[in-house]
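Heads up: the structure comes next, in structure tokens.
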Amino acid sequence: MNQEHQQTPMPAIPMPAGCRSMPALGLGTAADPPVEPEIVRSAVVEAIEVGYRHFDTAALYNSEEALGEAINEAINGGFVESREQLFITSKLWCSDAHPQHVLPALNKTLRNLKMDYIDLYLIHWPVSSKPGIHEYPIKKEDFLPMDFKSVWAAMEECYKLGLTKSIGVSNFSCKNLADVLATAKIPPAVNQVEVNPCWQQQKLREFCKRNGVLVVGYSSLGSIGTFYGTNRVMESEVLREIGKARGKTVAQVALRWGYEQGIGVVVKSYNKERMKQNLEIFDWSLSDDECRKISEITQSRACLGKDYTSPYGPYKTMDELWDEEL
């Protein structure tokens with residue numbers, strides 16, 4: 001296998017006790033606007049070829065089947081020896097976030113991926129919706145409060161059955177995460193949230209660290225081009241200046257910053273050259289002065305989650321959804 005573009009083997013991020021380590025950089029498969037499965041399959045095969053080992057999907061993304069096909073193709077092609085060398089994350093959609101639907105939803109994900117287990121299963125958003133209606137955006141009248149205790153107990157059952165090696169949450173504020181932690185017998189291993197130099201989530205990251213929860217950052221480059229994305233990361237003058245001085249791309253500076261925060265990082269690019277460039281962040285480091293400049297970047301959230309608010313649901317406003325962390 002040609003590894004010439006990956007000068008340094010990808011490090012792993014420690015997970016809570018009993019969970020396998022997570023490769024530091026993962027490839028996201030959420031495409032907006034949506035793309036054909038063949039594009040996903042081809043990109044994942046190329047990603048494995050150049051060195052990616054963590055892949056992030058979800059029931060919502062409609063990329064699980066293509067990801068599973070790509071992994072089988074990569075194994076047969078000799079780009080990776082076995083499924084065990086890969087780390088696969090998927091997520092429970094809101095309409096399945098009911099205690100009796102969690103296990104069937106994970107089994108469906110496993111059938112889509114053609115796998116016996118995944119490495120990490122996340123509750124996608126801290127809200128439930130009317131069961132049996134799998135759609136996005138969710139109709140305002142279909143939102144329901146999530147019964148965190150019983151849904152989390154069902155997630156724990158999936159873990160006990162060996163169908164997922166670890167369980168966690170996504171888009172959970174400190175308050176929502178505290179609600180899960182209050183009754184959890186197996187605490188969430190991960191909280192996957194938006195993290196990048198323009199939305200650094202200092203308060204949430206400190207809360208997660210105190211509670212032994214690993215933060216994994218999505219929108220690492222601002223998800224530019226998506227309906228919720230921002231160009232603030234890729235057009236940041238601070239990141240541009242650091243990149244210019246170091247001979248690095250803005251993306252490399254942003255991804256290196258995330259890695260140095262001790263979090264897992266998920267980045268989405270289906271361009272092979274950019275996939276290679278994004279891996280080239282492990283053999284250099286940011287200076288204290290560069291980190292200070294990044295810490296002073298004006299902060300604002302890109303993924304506002306407005307589609308998860310409803311006058312009929314548990315979160316009437318975005319302030320309520322994010323516990324006023326806007």
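Ordering of the structure tokens sets the chain letters (A, B, ...), residue numbers begin anew at 1 in every chain, and ligands are numbered from 1 in the order given.
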
Worksheet item: Where in range 44-193 of chain A does DSSP assign strand (DSSP E), given as JSON, numbers by chain?
Response: {"A": [54, 55, 56, 87, 88, 89, 90, 91, 92, 120, 121, 122, 123, 128, 129, 143, 144, 167, 168, 169, 170, 190, 191, 192, 193]}

Worksheet item: Can you list every residue in range 261-313 of chain A that DSSP puts in helix (DSSP H, G or I), as a ChimeraX atom specification?
Response: /A:272-279,288-295,306-308

Given only C-alpha atoms, how would the per-residue table for range 234-308 of chain A near range 123-126 of chain A read, listing every residue at most 12 Å away with its closest atom pair and distance in Å to one decimal, sorted by chain and number, as CSV?
residue,atom,partner,partner_atom,distance
A:Gly305,CA,A:Trp125,CA,9.3
A:Asp307,CA,A:Trp125,CA,11.0
A:Tyr308,CA,A:Trp125,CA,8.3

Expected file: the selected residues, all heavy atoms, as a PDB file, in the first residue's frame:
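Written out: out_10.pdb:
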ATOM      1  N   GLY A 305     -28.890  24.337  14.791  1.00  0.00           N
ATOM      2  CA  GLY A 305     -29.884  23.338  15.194  1.00  0.00           C
ATOM      3  C   GLY A 305     -31.312  23.854  15.197  1.00  0.00           C
ATOM      4  O   GLY A 305     -32.182  23.307  15.887  1.00  0.00           O
ATOM      5  N   ASP A 307     -33.601  23.500  13.152  1.00  0.00           N
ATOM      6  CA  ASP A 307     -34.565  22.481  12.718  1.00  0.00           C
ATOM      7  C   ASP A 307     -34.996  21.551  13.844  1.00  0.00           C
ATOM      8  O   ASP A 307     -35.912  20.741  13.659  1.00  0.00           O
ATOM      9  CB  ASP A 307     -33.976  21.651  11.573  1.00  0.00           C
ATOM     10  CG  ASP A 307     -33.921  22.427  10.268  1.00  0.00           C
ATOM     11  OD1 ASP A 307     -34.613  23.447  10.156  1.00  0.00           O
ATOM     12  OD2 ASP A 307     -33.177  22.008   9.365  1.00  0.00           O
ATOM     13  N   TYR A 308     -34.322  21.640  15.004  1.00  0.00           N
ATOM     14  CA  TYR A 308     -34.665  20.769  16.138  1.00  0.00           C
ATOM     15  C   TYR A 308     -35.444  21.522  17.216  1.00  0.00           C
ATOM     16  O   TYR A 308     -35.688  20.986  18.293  1.00  0.00           O
ATOM     17  CB  TYR A 308     -33.388  20.131  16.710  1.00  0.00           C
ATOM     18  CG  TYR A 308     -32.709  19.279  15.672  1.00  0.00           C
ATOM     19  CD1 TYR A 308     -31.725  19.816  14.833  1.00  0.00           C
ATOM     20  CD2 TYR A 308     -33.089  17.957  15.472  1.00  0.00           C
ATOM     21  CE1 TYR A 308     -31.145  19.061  13.834  1.00  0.00           C
ATOM     22  CE2 TYR A 308     -32.512  17.186  14.469  1.00  0.00           C
ATOM     23  CZ  TYR A 308     -31.541  17.748  13.656  1.00  0.00           C
ATOM     24  OH  TYR A 308     -30.963  16.987  12.664  1.00  0.00           O
TER      25      TYR A 308
END

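Excluding Ser21 in chain A itself and same-chain residues fewer than 2 positions from it, the residues having an atom within 12 Å of it are Met10, Pro11, Ala12, Ile13, Pro14, Met15, Pro16, Ala17, Gly18, Cys19, Pro23, Ala24, Leu25, Arg53, His54, Gln85, Leu86, Phe87, Ile88, Asp119, Leu120, Lys165, Ser166, Ala189, Val190, Leu214, Ile263 and Gly264 of chain A, counting only C-alpha atoms.
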
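In terms of minimum interatomic distance to Thr298 in chain A, A:Cys198 ranks closest within A:Ile224, A:Val267, A:Cys198, A:Leu239, counting only C-alpha atoms.
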